$ cat query.cif   # mmCIF, C-alpha atoms and all ligand atoms
data_upload
loop_
_atom_site.group_PDB
_atom_site.id
_atom_site.type_symbol
_atom_site.label_atom_id
_atom_site.label_comp_id
_atom_site.auth_asym_id
_atom_site.auth_seq_id
_atom_site.Cartn_x
_atom_site.Cartn_y
_atom_site.Cartn_z
ATOM 1 C CA MET A 1 -33.178 4.541 22.564
ATOM 2 C CA PRO A 2 -34.323 5.615 19.089
ATOM 3 C CA GLU A 3 -37.743 4.530 17.938
ATOM 4 C CA GLY A 4 -38.222 1.358 15.946
ATOM 5 C CA PHE A 5 -35.311 -0.527 17.461
ATOM 6 C CA ILE A 6 -36.151 -4.082 18.365
ATOM 7 C CA GLN A 7 -33.175 -5.072 20.450
ATOM 8 C CA SER A 8 -30.704 -3.370 22.683
ATOM 9 C CA VAL A 9 -27.707 -4.234 24.818
ATOM 10 C CA SER A 10 -24.819 -2.395 26.441
ATOM 11 C CA THR A 11 -25.706 -0.114 29.318
ATOM 12 C CA SER A 12 -22.862 1.610 31.196
ATOM 13 C CA SER A 13 -22.831 -1.117 33.836
ATOM 14 C CA ASP A 14 -22.226 -3.653 31.034
ATOM 15 C CA VAL A 15 -19.336 -1.496 29.830
ATOM 16 C CA ALA A 16 -17.804 -1.440 33.334
ATOM 17 C CA ALA A 17 -18.363 -5.186 33.820
ATOM 18 C CA GLU A 18 -16.803 -6.076 30.459
ATOM 19 C CA ALA A 19 -13.856 -3.769 31.067
ATOM 20 C CA LEU A 20 -13.259 -5.198 34.533
ATOM 21 C CA ARG A 21 -13.341 -8.737 33.212
ATOM 22 C CA GLY A 22 -10.570 -7.911 30.735
ATOM 23 C CA LEU A 23 -8.473 -5.706 32.989
ATOM 24 C CA THR A 24 -8.377 -8.118 35.921
ATOM 25 C CA ALA A 25 -7.139 -11.014 33.757
ATOM 26 C CA LEU A 26 -3.521 -12.101 33.940
ATOM 27 C CA ARG A 27 -2.894 -10.637 30.485
ATOM 28 C CA LYS A 28 -4.986 -7.485 30.300
ATOM 29 C CA THR A 29 -7.425 -7.152 27.402
ATOM 30 C CA LEU A 30 -10.385 -5.008 26.367
ATOM 31 C CA PRO A 31 -12.984 -6.159 23.806
ATOM 32 C CA PRO A 32 -12.792 -4.216 20.502
ATOM 33 C CA LYS A 33 -16.519 -3.491 20.543
ATOM 34 C CA LEU A 34 -15.761 -0.932 23.292
ATOM 35 C CA PHE A 35 -13.993 1.198 20.643
ATOM 36 C CA TYR A 36 -17.275 2.228 19.077
ATOM 37 C CA ASP A 37 -18.810 4.963 21.171
ATOM 38 C CA GLU A 38 -19.694 8.168 19.326
ATOM 39 C CA THR A 39 -16.091 9.474 19.389
ATOM 40 C CA GLY A 40 -14.746 6.052 18.414
ATOM 41 C CA CYS A 41 -17.098 5.790 15.440
ATOM 42 C CA ALA A 42 -15.975 9.226 14.258
ATOM 43 C CA LEU A 43 -12.303 8.253 14.672
ATOM 44 C CA PHE A 44 -12.896 4.994 12.797
ATOM 45 C CA GLY A 45 -14.462 7.057 10.000
ATOM 46 C CA ALA A 46 -11.273 9.148 9.914
ATOM 47 C CA ILE A 47 -9.157 5.951 9.791
ATOM 48 C CA THR A 48 -10.988 4.732 6.690
ATOM 49 C CA ALA A 49 -9.887 7.902 4.877
ATOM 50 C CA LEU A 50 -6.189 7.618 5.861
ATOM 51 C CA PRO A 51 -3.678 7.072 3.045
ATOM 52 C CA GLU A 52 -2.173 4.120 4.982
ATOM 53 C CA TYR A 53 -5.504 2.368 5.701
ATOM 54 C CA TYR A 54 -6.108 0.476 2.444
ATOM 55 C CA PRO A 55 -8.923 -1.985 3.452
ATOM 56 C CA THR A 56 -11.895 0.368 3.046
ATOM 57 C CA ARG A 57 -10.755 1.665 -0.350
ATOM 58 C CA ALA A 58 -9.857 -1.809 -1.617
ATOM 59 C CA GLU A 59 -13.132 -3.373 -0.504
ATOM 60 C CA THR A 60 -15.263 -0.489 -1.781
ATOM 61 C CA GLY A 61 -13.486 -0.800 -5.140
ATOM 62 C CA ILE A 62 -14.282 -4.531 -5.304
ATOM 63 C CA LEU A 63 -17.947 -3.925 -4.420
ATOM 64 C CA ARG A 64 -18.278 -1.171 -7.044
ATOM 65 C CA ALA A 65 -16.690 -3.347 -9.716
ATOM 66 C CA ARG A 66 -18.649 -6.489 -8.814
ATOM 67 C CA ALA A 67 -22.028 -5.293 -7.503
ATOM 68 C CA ALA A 68 -23.853 -6.218 -10.716
ATOM 69 C CA ASP A 69 -22.149 -9.614 -10.743
ATOM 70 C CA ILE A 70 -23.106 -10.186 -7.088
ATOM 71 C CA ALA A 71 -26.689 -9.022 -7.657
ATOM 72 C CA ALA A 72 -27.073 -11.492 -10.539
ATOM 73 C CA ARG A 73 -26.493 -14.351 -8.087
ATOM 74 C CA ILE A 74 -29.155 -13.262 -5.583
ATOM 75 C CA GLU A 75 -32.882 -13.888 -5.983
ATOM 76 C CA PRO A 76 -35.148 -10.853 -6.441
ATOM 77 C CA GLY A 77 -37.141 -9.391 -3.563
ATOM 78 C CA CYS A 78 -34.335 -10.166 -1.130
ATOM 79 C CA ALA A 79 -33.490 -8.837 2.326
ATOM 80 C CA LEU A 80 -29.954 -7.545 2.959
ATOM 81 C CA ILE A 81 -28.825 -8.179 6.547
ATOM 82 C CA GLU A 82 -25.641 -6.308 7.478
ATOM 83 C CA TYR A 83 -23.562 -7.288 10.516
ATOM 84 C CA GLY A 84 -21.646 -4.397 12.106
ATOM 85 C CA ALA A 85 -23.288 -1.786 9.908
ATOM 86 C CA SER A 86 -21.867 1.402 11.394
ATOM 87 C CA ASP A 87 -22.245 3.193 8.077
ATOM 88 C CA GLU A 88 -24.279 2.301 5.033
ATOM 89 C CA SER A 89 -21.914 3.273 2.223
ATOM 90 C CA LYS A 90 -20.964 -0.311 1.294
ATOM 91 C CA ALA A 91 -24.532 -1.604 1.598
ATOM 92 C CA ALA A 92 -25.696 1.288 -0.584
ATOM 93 C CA ILE A 93 -23.413 0.084 -3.388
ATOM 94 C CA LEU A 94 -25.087 -3.340 -3.220
ATOM 95 C CA LEU A 95 -28.604 -1.961 -2.846
ATOM 96 C CA ASP A 96 -28.191 0.104 -6.001
ATOM 97 C CA HIS A 97 -27.830 -3.184 -7.927
ATOM 98 C CA LEU A 98 -29.773 -5.729 -5.843
ATOM 99 C CA ASP A 99 -33.493 -6.272 -6.230
ATOM 100 C CA ALA A 100 -33.996 -5.813 -2.468
ATOM 101 C CA ASP A 101 -37.148 -5.146 -0.454
ATOM 102 C CA ALA A 102 -35.574 -4.856 2.998
ATOM 103 C CA TYR A 103 -32.346 -3.738 4.669
ATOM 104 C CA ILE A 104 -31.575 -4.898 8.216
ATOM 105 C CA PRO A 105 -28.489 -3.150 9.650
ATOM 106 C CA ILE A 106 -27.202 -4.663 12.916
ATOM 107 C CA ASP A 107 -24.790 -2.617 15.023
ATOM 108 C CA ILE A 108 -23.900 -1.928 18.621
ATOM 109 C CA ALA A 109 -23.343 1.818 18.028
ATOM 110 C CA HIS A 110 -26.857 3.227 18.574
ATOM 111 C CA ASP A 111 -26.156 6.747 17.352
ATOM 112 C CA ALA A 112 -24.472 5.601 14.162
ATOM 113 C CA LEU A 113 -27.277 3.108 13.520
ATOM 114 C CA ASN A 114 -29.945 5.714 14.096
ATOM 115 C CA ALA A 115 -28.272 8.171 11.717
ATOM 116 C CA LEU A 116 -27.743 5.604 8.967
ATOM 117 C CA THR A 117 -31.345 4.408 9.270
ATOM 118 C CA ARG A 118 -32.596 7.941 8.744
ATOM 119 C CA ARG A 119 -30.344 8.459 5.725
ATOM 120 C CA MET A 120 -31.318 5.123 4.172
ATOM 121 C CA ARG A 121 -35.057 5.740 4.615
ATOM 122 C CA TRP A 122 -34.546 9.011 2.758
ATOM 123 C CA THR A 123 -32.328 7.731 -0.074
ATOM 124 C CA HIS A 124 -33.865 4.255 -0.570
ATOM 125 C CA ARG A 125 -37.583 4.820 -0.136
ATOM 126 C CA ALA A 126 -38.674 1.575 -1.762
ATOM 127 C CA ILE A 127 -36.718 -0.458 0.789
ATOM 128 C CA THR A 128 -37.942 -1.205 4.316
ATOM 129 C CA VAL A 129 -35.153 -0.407 6.772
ATOM 130 C CA HIS A 130 -35.326 -2.362 10.010
ATOM 131 C CA PRO A 131 -32.378 -1.578 12.335
ATOM 132 C CA ILE A 132 -31.297 -3.888 15.134
ATOM 133 C CA ALA A 133 -29.195 -2.347 17.918
ATOM 134 C CA ALA A 134 -27.192 -5.293 19.181
ATOM 135 C CA ASP A 135 -23.792 -6.889 19.517
ATOM 136 C CA PHE A 136 -23.596 -8.971 16.364
ATOM 137 C CA LEU A 137 -21.786 -11.731 18.270
ATOM 138 C CA ALA A 138 -25.007 -12.438 20.166
ATOM 139 C CA PRO A 139 -27.805 -14.276 18.346
ATOM 140 C CA VAL A 140 -30.359 -11.880 16.856
ATOM 141 C CA ARG A 141 -33.937 -12.580 15.858
ATOM 142 C CA LEU A 142 -34.755 -11.314 12.379
ATOM 143 C CA PRO A 143 -38.021 -9.401 11.885
ATOM 144 C CA LYS A 144 -41.022 -11.535 10.909
ATOM 145 C CA SER A 145 -41.669 -9.307 7.901
ATOM 146 C CA ILE A 146 -38.607 -10.650 6.067
ATOM 147 C CA ARG A 147 -39.245 -14.303 6.845
ATOM 148 C CA ALA A 148 -40.333 -15.246 3.318
ATOM 149 C CA MET A 149 -37.678 -13.172 1.525
ATOM 150 C CA PRO A 150 -34.456 -14.591 0.072
ATOM 151 C CA LYS A 151 -31.660 -13.505 2.401
ATOM 152 C CA LEU A 152 -28.225 -12.060 1.753
ATOM 153 C CA GLY A 153 -26.040 -11.571 4.827
ATOM 154 C CA PHE A 154 -23.317 -8.944 4.510
ATOM 155 C CA PHE A 155 -20.270 -8.708 6.780
ATOM 156 C CA PRO A 156 -17.837 -6.182 5.287
ATOM 157 C CA GLY A 157 -14.684 -4.521 6.592
ATOM 158 C CA SER A 158 -12.851 -7.725 7.512
ATOM 159 C CA THR A 159 -14.407 -7.374 10.946
ATOM 160 C CA ILE A 160 -14.310 -11.203 10.969
ATOM 161 C CA GLY A 161 -10.566 -10.636 11.542
ATOM 162 C CA ASN A 162 -11.280 -9.275 15.033
ATOM 163 C CA LEU A 163 -12.367 -12.764 16.104
ATOM 164 C CA ASP A 164 -10.030 -15.625 16.882
ATOM 165 C CA HIS A 165 -10.281 -18.810 14.828
ATOM 166 C CA ASP A 166 -12.852 -20.645 16.967
ATOM 167 C CA GLN A 167 -14.927 -17.540 17.592
ATOM 168 C CA ALA A 168 -14.999 -16.844 13.841
ATOM 169 C CA ILE A 169 -16.254 -20.360 13.097
ATOM 170 C CA ARG A 170 -18.910 -20.081 15.806
ATOM 171 C CA PHE A 171 -19.980 -16.673 14.493
ATOM 172 C CA LEU A 172 -20.252 -17.876 10.876
ATOM 173 C CA ALA A 173 -22.233 -20.936 11.989
ATOM 174 C CA MET A 174 -24.564 -18.731 14.019
ATOM 175 C CA VAL A 175 -25.133 -16.452 11.002
ATOM 176 C CA ARG A 176 -26.002 -19.538 8.942
ATOM 177 C CA GLU A 177 -28.607 -20.487 11.561
ATOM 178 C CA THR A 178 -30.000 -16.954 11.743
ATOM 179 C CA LEU A 179 -30.315 -16.514 7.979
ATOM 180 C CA GLY A 180 -31.697 -20.005 7.398
ATOM 181 C CA GLN A 181 -31.874 -22.404 4.458
ATOM 182 C CA GLY A 182 -30.801 -21.111 1.059
ATOM 183 C CA ALA A 183 -29.283 -17.856 2.302
ATOM 184 C CA SER A 184 -26.006 -16.365 1.054
ATOM 185 C CA LEU A 185 -23.340 -14.424 2.914
ATOM 186 C CA LEU A 186 -21.109 -11.799 1.323
ATOM 187 C CA ILE A 187 -18.057 -11.248 3.487
ATOM 188 C CA GLY A 188 -15.001 -8.983 3.244
ATOM 189 C CA VAL A 189 -11.692 -10.551 4.275
ATOM 190 C CA ASP A 190 -8.347 -8.782 4.478
ATOM 191 C CA LEU A 191 -5.437 -10.661 2.886
ATOM 192 C CA GLU A 192 -2.001 -11.505 4.262
ATOM 193 C CA LYS A 193 0.658 -9.108 3.074
ATOM 194 C CA SER A 194 3.959 -7.545 4.023
ATOM 195 C CA PRO A 195 4.186 -6.008 7.521
ATOM 196 C CA ASP A 196 5.605 -2.968 5.678
ATOM 197 C CA ILE A 197 2.051 -2.323 4.470
ATOM 198 C CA LEU A 198 0.185 -3.716 7.493
ATOM 199 C CA ILE A 199 1.974 -1.870 10.291
ATOM 200 C CA PRO A 200 1.442 1.668 8.925
ATOM 201 C CA ALA A 201 -2.234 0.795 8.285
ATOM 202 C CA TYR A 202 -2.571 0.321 12.061
ATOM 203 C CA ASP A 203 -0.024 2.933 13.153
ATOM 204 C CA ASP A 204 -0.508 5.875 10.821
ATOM 205 C CA ALA A 205 1.649 8.991 10.565
ATOM 206 C CA GLN A 206 -1.121 11.333 11.728
ATOM 207 C CA GLY A 207 -1.778 9.345 14.897
ATOM 208 C CA THR A 208 -5.451 8.763 14.115
ATOM 209 C CA THR A 209 -5.254 5.040 14.939
ATOM 210 C CA ALA A 210 -3.406 5.897 18.165
ATOM 211 C CA ALA A 211 -6.245 8.279 19.079
ATOM 212 C CA PHE A 212 -8.796 5.557 18.196
ATOM 213 C CA ASN A 213 -7.014 3.060 20.435
ATOM 214 C CA LEU A 214 -6.579 5.535 23.332
ATOM 215 C CA ASN A 215 -10.221 6.612 23.090
ATOM 216 C CA ILE A 216 -11.185 3.284 24.664
ATOM 217 C CA LEU A 217 -9.547 4.527 27.913
ATOM 218 C CA GLN A 218 -11.326 7.877 27.668
ATOM 219 C CA ARG A 219 -14.584 6.038 27.142
ATOM 220 C CA LEU A 220 -13.965 4.061 30.347
ATOM 221 C CA ASN A 221 -13.276 7.351 32.140
ATOM 222 C CA ARG A 222 -16.610 8.679 30.853
ATOM 223 C CA GLU A 223 -18.764 5.575 31.258
ATOM 224 C CA ALA A 224 -17.127 3.268 33.804
ATOM 225 C CA ASP A 225 -15.920 5.704 36.443
ATOM 226 C CA ALA A 226 -12.258 5.130 35.516
ATOM 227 C CA ASP A 227 -9.292 7.503 35.955
ATOM 228 C CA PHE A 228 -6.905 6.640 33.113
ATOM 229 C CA ASP A 229 -4.388 9.336 32.147
ATOM 230 C CA THR A 230 -4.037 8.696 28.403
ATOM 231 C CA ALA A 231 -0.676 10.504 28.388
ATOM 232 C CA LEU A 232 0.678 7.561 30.405
ATOM 233 C CA PHE A 233 -0.231 4.972 27.720
ATOM 234 C CA THR A 234 1.240 4.459 24.256
ATOM 235 C CA HIS A 235 -0.388 2.942 21.176
ATOM 236 C CA HIS A 236 1.407 -0.039 19.618
ATOM 237 C CA ALA A 237 0.578 -2.045 16.498
ATOM 238 C CA ILE A 238 2.559 -5.253 16.064
ATOM 239 C CA TRP A 239 2.508 -8.050 13.467
ATOM 240 C CA ASN A 240 2.200 -11.483 15.076
ATOM 241 C CA ASP A 241 3.548 -13.691 12.286
ATOM 242 C CA GLN A 242 2.666 -16.970 13.959
ATOM 243 C CA ALA A 243 -0.989 -16.044 14.424
ATOM 244 C CA LYS A 244 -1.089 -14.006 11.164
ATOM 245 C CA ARG A 245 -2.578 -10.986 12.831
ATOM 246 C CA ILE A 246 -2.041 -7.350 13.660
ATOM 247 C CA GLU A 247 -2.369 -6.759 17.385
ATOM 248 C CA MET A 248 -3.136 -3.390 18.899
ATOM 249 C CA HIS A 249 -1.951 -2.728 22.428
ATOM 250 C CA LEU A 250 -1.925 0.155 24.891
ATOM 251 C CA GLN A 251 1.316 0.113 26.831
ATOM 252 C CA SER A 252 1.673 1.638 30.265
ATOM 253 C CA ARG A 253 4.704 3.946 30.255
ATOM 254 C CA ILE A 254 5.191 3.640 34.009
ATOM 255 C CA ALA A 255 4.176 1.520 36.991
ATOM 256 C CA GLN A 256 0.791 2.880 38.034
ATOM 257 C CA THR A 257 -2.532 2.041 39.630
ATOM 258 C CA ILE A 258 -5.727 3.181 37.992
ATOM 259 C CA HIS A 259 -9.269 2.758 39.275
ATOM 260 C CA LEU A 260 -12.336 1.531 37.466
ATOM 261 C CA ALA A 261 -15.785 1.302 39.030
ATOM 262 C CA GLY A 262 -14.150 1.554 42.457
ATOM 263 C CA ARG A 263 -11.626 -1.223 41.815
ATOM 264 C CA PRO A 264 -7.827 -0.674 41.743
ATOM 265 C CA ILE A 265 -5.979 -2.018 38.681
ATOM 266 C CA ARG A 266 -2.196 -2.187 38.834
ATOM 267 C CA PHE A 267 0.127 -1.832 35.857
ATOM 268 C CA GLN A 268 3.814 -2.621 35.729
ATOM 269 C CA ALA A 269 5.964 -0.301 33.621
ATOM 270 C CA GLY A 270 5.721 -1.567 30.030
ATOM 271 C CA GLU A 271 2.712 -3.808 30.660
ATOM 272 C CA THR A 272 0.105 -3.706 27.888
ATOM 273 C CA ILE A 273 -3.660 -3.916 27.414
ATOM 274 C CA HIS A 274 -4.359 -5.977 24.296
ATOM 275 C CA THR A 275 -7.270 -4.157 22.634
ATOM 276 C CA GLU A 276 -7.639 -5.751 19.202
ATOM 277 C CA ASN A 277 -6.620 -8.564 16.895
ATOM 278 C CA SER A 278 -6.997 -8.089 13.170
ATOM 279 C CA HIS A 279 -6.364 -11.459 11.532
ATOM 280 C CA LYS A 280 -5.208 -11.580 7.919
ATOM 281 C CA PHE A 281 -5.993 -14.561 5.664
ATOM 282 C CA SER A 282 -4.920 -16.337 2.529
ATOM 283 C CA ILE A 283 -7.884 -17.096 0.271
ATOM 284 C CA PRO A 284 -7.686 -20.881 0.868
ATOM 285 C CA ALA A 285 -7.294 -20.366 4.632
ATOM 286 C CA PHE A 286 -10.516 -18.333 4.719
ATOM 287 C CA GLN A 287 -12.359 -20.836 2.513
ATOM 288 C CA THR A 288 -11.398 -23.629 4.922
ATOM 289 C CA LEU A 289 -12.619 -21.570 7.868
ATOM 290 C CA ALA A 290 -15.961 -20.896 6.144
ATOM 291 C CA GLN A 291 -16.317 -24.578 5.357
ATOM 292 C CA LYS A 292 -15.821 -25.489 9.023
ATOM 293 C CA ALA A 293 -18.854 -23.299 9.757
ATOM 294 C CA GLY A 294 -20.945 -25.082 7.128
ATOM 295 C CA TRP A 295 -20.606 -22.485 4.363
ATOM 296 C CA HIS A 296 -19.437 -23.117 0.831
ATOM 297 C CA SER A 297 -17.392 -20.410 -0.897
ATOM 298 C CA THR A 298 -18.816 -20.019 -4.412
ATOM 299 C CA THR A 299 -16.934 -16.974 -5.685
ATOM 300 C CA THR A 300 -14.043 -14.847 -4.457
ATOM 301 C CA TRP A 301 -13.208 -11.421 -5.830
ATOM 302 C CA THR A 302 -10.065 -9.375 -5.133
ATOM 303 C CA ASP A 303 -8.852 -5.869 -5.996
ATOM 304 C CA PRO A 304 -6.161 -5.435 -8.690
ATOM 305 C CA ASP A 305 -3.405 -5.153 -6.038
ATOM 306 C CA ASN A 306 -4.575 -8.289 -4.194
ATOM 307 C CA LEU A 307 -4.890 -6.435 -0.912
ATOM 308 C CA PHE A 308 -8.426 -7.525 -0.003
ATOM 309 C CA SER A 309 -10.978 -10.215 -0.858
ATOM 310 C CA VAL A 310 -14.762 -10.465 -0.969
ATOM 311 C CA HIS A 311 -16.324 -13.940 -0.759
ATOM 312 C CA LEU A 312 -19.817 -15.074 -1.647
ATOM 313 C CA LEU A 313 -20.748 -18.004 0.610
ATOM 314 C CA THR A 314 -23.796 -20.217 0.203
HETATM 315 C C1 LIG B 401 -13.266 -2.623 11.084
HETATM 316 C C2 LIG B 401 -12.576 -3.994 12.838
HETATM 317 C C3 LIG B 401 -11.954 -4.540 10.682
HETATM 318 O O1 LIG B 401 -9.411 -4.366 12.198
HETATM 319 O O2 LIG B 401 -9.011 -3.172 10.438
HETATM 320 C C4 LIG B 401 -8.958 -0.134 12.120
HETATM 321 C C5 LIG B 401 -10.771 -1.778 12.920
HETATM 322 N N1 LIG B 401 -8.656 -1.048 14.020
HETATM 323 N N2 LIG B 401 -7.797 0.310 12.626
HETATM 324 C C6 LIG B 401 -9.673 -3.427 11.434
HETATM 325 C C7 LIG B 401 -9.491 -1.009 13.009
HETATM 326 C C8 LIG B 401 -7.634 -0.237 13.773
HETATM 327 C C9 LIG B 401 -10.922 -2.580 11.672
HETATM 328 N N3 LIG B 401 -12.158 -3.423 11.591
#
$ encode --input "query.cif" --output "C-alpha cells" --more "lines below"
Ligand code: AVJ
Amino acid sequence: MPEGFIQSVSTSSDVAAEALRGLTALRKTLPPKLFYDETGCALFGAITALPEYYPTRAETGILRARAADIAARIEPGCALIEYGASDESKAAILLDHLDADAYIPIDIAHDALNALTRRMRWTHRAITVHPIAADFLAPVRLPKSIRAMPKLGFFPGSTIGNLDHDQAIRFLAMVRETLGQGASLLIGVDLEKSPDILIPAYDDAQGTTAAFNLNILQRLNREADADFDTALFTHHAIWNDQAKRIEMHLQSRIAQTIHLAGRPIRFQAGETIHTENSHKFSIPAFQTLAQKAGWHSTTTWTDPDNLFSVHLLT
C-alpha cells in the first residue's frame, strides 16, 4: 500500500469472493471493476487510443474547448474530487483553468493511483493531492483539509454507463451527500448513436478490447486460484436496443468445467459471462436521471459530431 493513502479495499480474497458471487449466479456475471488490475489498466489505456474508440477523444476535446467556461462557474480555492481517476489527463485539463487548491483522485487501481499522484505532485506543485484508494461505489470520507473548500466532483469517461439505472441514481445521490451543500458535479456521458459506430468501439479490429475483456479471466487465474483457458472463451460486444446499452460478454466455446478458489463452475457450450454494460443516453434521458438523484443540470456541452456530452450538475 503506497504511503498517504487513507482508504483501501480489494484484497485477493475479495476478488475471489466477488468473482464467485457472479459466476455461481444463474446468468453468469463479473463486475467491471475487476477489469482494472495493472494489465487491465494498461489495456484500457491502449483502448483509449484506438481509432474506433471515440469517447476519450470526444470528451477530451469538449474539456479542452470548455475548460475556461467550466472554470468560470466554479468558486476559487476549490477542491476537485475525481471518481474513477485511473489517469489524470482529463483532470489536468481542468486544473490548468480552475482556481483549485486540492485534487482528490479516487480509484480502485492502486498502482495507477500511486503513479498519477506522483506525476500530479510534480506537475501541479501548488495543489495538494490527496489520493483515496477505494471502490467509488462505496461511500468515501473526504479529507478534513478540504472541508471548507468549494467542491467540484468530476466523473469522466461515461463510467456512469457501467451502472444500471437504479445504481446510477443511488451513486449520484451518494456523491451529492459526500460533496455536500453547494457542490457541483461535472460528468461525462456517452450519447446514443448508431450500432455501426458503437459495436466497433467495443470490438475493435486489433482485438485490444477482446484482450481487455479476456484479461479478467487471466486476473482470476492469477489472483483467485482459477484455471480458465482464455483460448476457450470469445469476446462479444452486442447492442441491446431495449436497454440502450453495449454489453460485453465472454462466451464459452465448449462445454467445460473450470475451478475458482476450489469451487467447480460449469459452462454449457455457448454460455456467456456478462462482464460489462455501457449504457448510452440521450441528453434529456440523462438530465432526468440526474434529477432523480437530486441534481440539477445547469449546462450541457457536446463535441461537434454529437458523440459525447459533458454535464455540469449543481
Ligand atoms: C471507462 C468504463 C466507460 O464503458 O466505454 C472500454 C470501459 N469497456 N471498452 C466504457 C470500456 C470496453 C469504458 N468505461
$ residues_around --input "query.cif" --residues "region 193-207 of chain A" --least-positions-apart "3" --cutoff "6 Å" --atoms "only C-alpha atoms" --output "number ranges by chain"
A: 52-53, 210, 237
$ resolve_selection --input "query.cif" --expression "the PyMOL selection byres (((chain A and resi 191) around 7) and not hetatm)" --output "list in words"
Val189, Asp190, Glu192, Lys193, Lys280, Phe281, Ser282, Leu307, Phe308 and Ser309 of chain A
$ residues_around --input "query.cif" --residues "Leu186 (chain A)" --least-positions-apart "3" --cutoff "6 Å" --atoms "all atoms listed in the file" --output "list in words"
Phe154, His311 and Leu312 of chain A
$ resolve_selection --input "query.cif" --expression "the PyMOL selection byres (((not hetatm)) within 6 of (chain B and resi 401))" --output "list in words"
Gly157, Ser158, Thr159, Asn162, Tyr202, Thr209 and Ser278 of chain A
$ closest_residue --input "query.cif" --among "A:Trp295, A:Glu223, A:Asp87, A:Ala183" --to "Ile74 (chain A)" --atoms "all atoms listed in the file"
A:Ala183
$ atom_distance --input "query.cif" --atom1 "CA of Lys244 (chain A)" --atom2 "CA of Gly161 (chain A)"
10.1 Å
$ closest_residue --input "query.cif" --among "A:Leu142, A:Ile93, A:Val175, A:Ala68" --to "His124 (chain A)" --atoms "all atoms listed in the file"
A:Ile93
$ closest_residue --input "query.cif" --among "A:Ala17, A:Leu152, A:Ile47, A:Ala138" --to "Leu98 (chain A)" --atoms "only C-alpha atoms"
A:Leu152
$ atom_distance --input "query.cif" --atom1 "CA of Phe212 (chain A)" --atom2 "CA of Asp164 (chain A)"
21.3 Å
$ resolve_selection --input "query.cif" --expression "the PyMOL selection byres (((chain A and resi 19-24) around 10) and not hetatm)" --output "VMD selection string"
chain A and resid 13 to 18 25 to 31 34 216 to 217 220 224 260 to 261 263 to 267 273 to 275
$ closest_residue --input "query.cif" --among "A:Lys144, A:Arg170, A:Arg176, A:His279" --to "Asp241 (chain A)" --atoms "only C-alpha atoms"
A:His279
$ atom_distance --input "query.cif" --atom1 "CA of Ala290 (chain A)" --atom2 "CA of Phe171 (chain A)"
10.2 Å
$ residues_near_point --input "query.cif" --point "(-3.5, -9.8, 18.4)" --cutoff "7 Å" --atoms "all atoms listed in the file" --output "list in words"
Asn240, Arg245, Ile246, Glu247, Met248, Glu276, Asn277 and Ser278 of chain A
$ residues_around --input "query.cif" --residues "Arg66 (chain A)" --least-positions-apart "2" --cutoff "10 Å" --atoms "all atoms listed in the file" --output "PyMOL selection string"
chain A and resi 60-64+68-72+93-94+97+301-302+310
$ residues_around --input "query.cif" --residues "Tyr36 (chain A)" --least-positions-apart "3" --cutoff "10 Å" --atoms "all atoms listed in the file" --output "short mmCIF file (atom, residue, chain, number, x, y, z; two decimals) with C-alpha atoms, in the coordinates of the input"
data_model
loop_
_atom_site.label_atom_id
_atom_site.label_comp_id
_atom_site.auth_asym_id
_atom_site.auth_seq_id
_atom_site.Cartn_x
_atom_site.Cartn_y
_atom_site.Cartn_z
CA PRO A 32 -12.79 -4.22 20.50
CA LYS A 33 -16.52 -3.49 20.54
CA THR A 39 -16.09 9.47 19.39
CA GLY A 40 -14.75 6.05 18.41
CA CYS A 41 -17.10 5.79 15.44
CA ALA A 42 -15.98 9.23 14.26
CA LEU A 43 -12.30 8.25 14.67
CA PHE A 44 -12.90 4.99 12.80
CA SER A 86 -21.87 1.40 11.39
CA ASP A 107 -24.79 -2.62 15.02
CA ILE A 108 -23.90 -1.93 18.62
CA ALA A 109 -23.34 1.82 18.03
CA HIS A 110 -26.86 3.23 18.57
CA ALA A 112 -24.47 5.60 14.16
CA PHE A 212 -8.80 5.56 18.20
CA ASN A 215 -10.22 6.61 23.09
CA ILE A 216 -11.18 3.28 24.66
CA ARG A 219 -14.58 6.04 27.14
#
$ build_atoms --input "query.cif" --residues "region 76-85 of chain A" --atoms "N, CA and C atoms" --output "compact mmCIF listing (two decimals), keeping the file's coordinate frame"
# COMPACT_ATOMS: atom_id res chain seq x y z
N PRO A 76 -34.47 -12.14 -6.60
CA PRO A 76 -35.15 -10.85 -6.44
C PRO A 76 -36.04 -10.81 -5.19
N GLY A 77 -36.29 -9.58 -4.74
CA GLY A 77 -37.14 -9.39 -3.56
C GLY A 77 -36.44 -9.78 -2.28
N CYS A 78 -35.12 -9.66 -2.26
CA CYS A 78 -34.34 -10.17 -1.13
C CYS A 78 -34.26 -9.17 0.03
N ALA A 79 -33.79 -9.67 1.16
CA ALA A 79 -33.49 -8.84 2.33
C ALA A 79 -31.97 -8.85 2.52
N LEU A 80 -31.39 -7.67 2.70
CA LEU A 80 -29.95 -7.54 2.96
C LEU A 80 -29.76 -7.33 4.46
N ILE A 81 -29.03 -8.23 5.09
CA ILE A 81 -28.82 -8.18 6.55
C ILE A 81 -27.35 -7.90 6.80
N GLU A 82 -27.05 -6.69 7.32
CA GLU A 82 -25.64 -6.31 7.48
C GLU A 82 -25.20 -6.39 8.93
N TYR A 83 -24.13 -7.13 9.18
CA TYR A 83 -23.56 -7.29 10.52
C TYR A 83 -22.48 -6.23 10.74
N GLY A 84 -22.63 -5.44 11.80
CA GLY A 84 -21.65 -4.40 12.11
C GLY A 84 -21.76 -3.22 11.15
N ALA A 85 -23.01 -2.81 10.92
CA ALA A 85 -23.29 -1.79 9.91
C ALA A 85 -23.16 -0.39 10.47
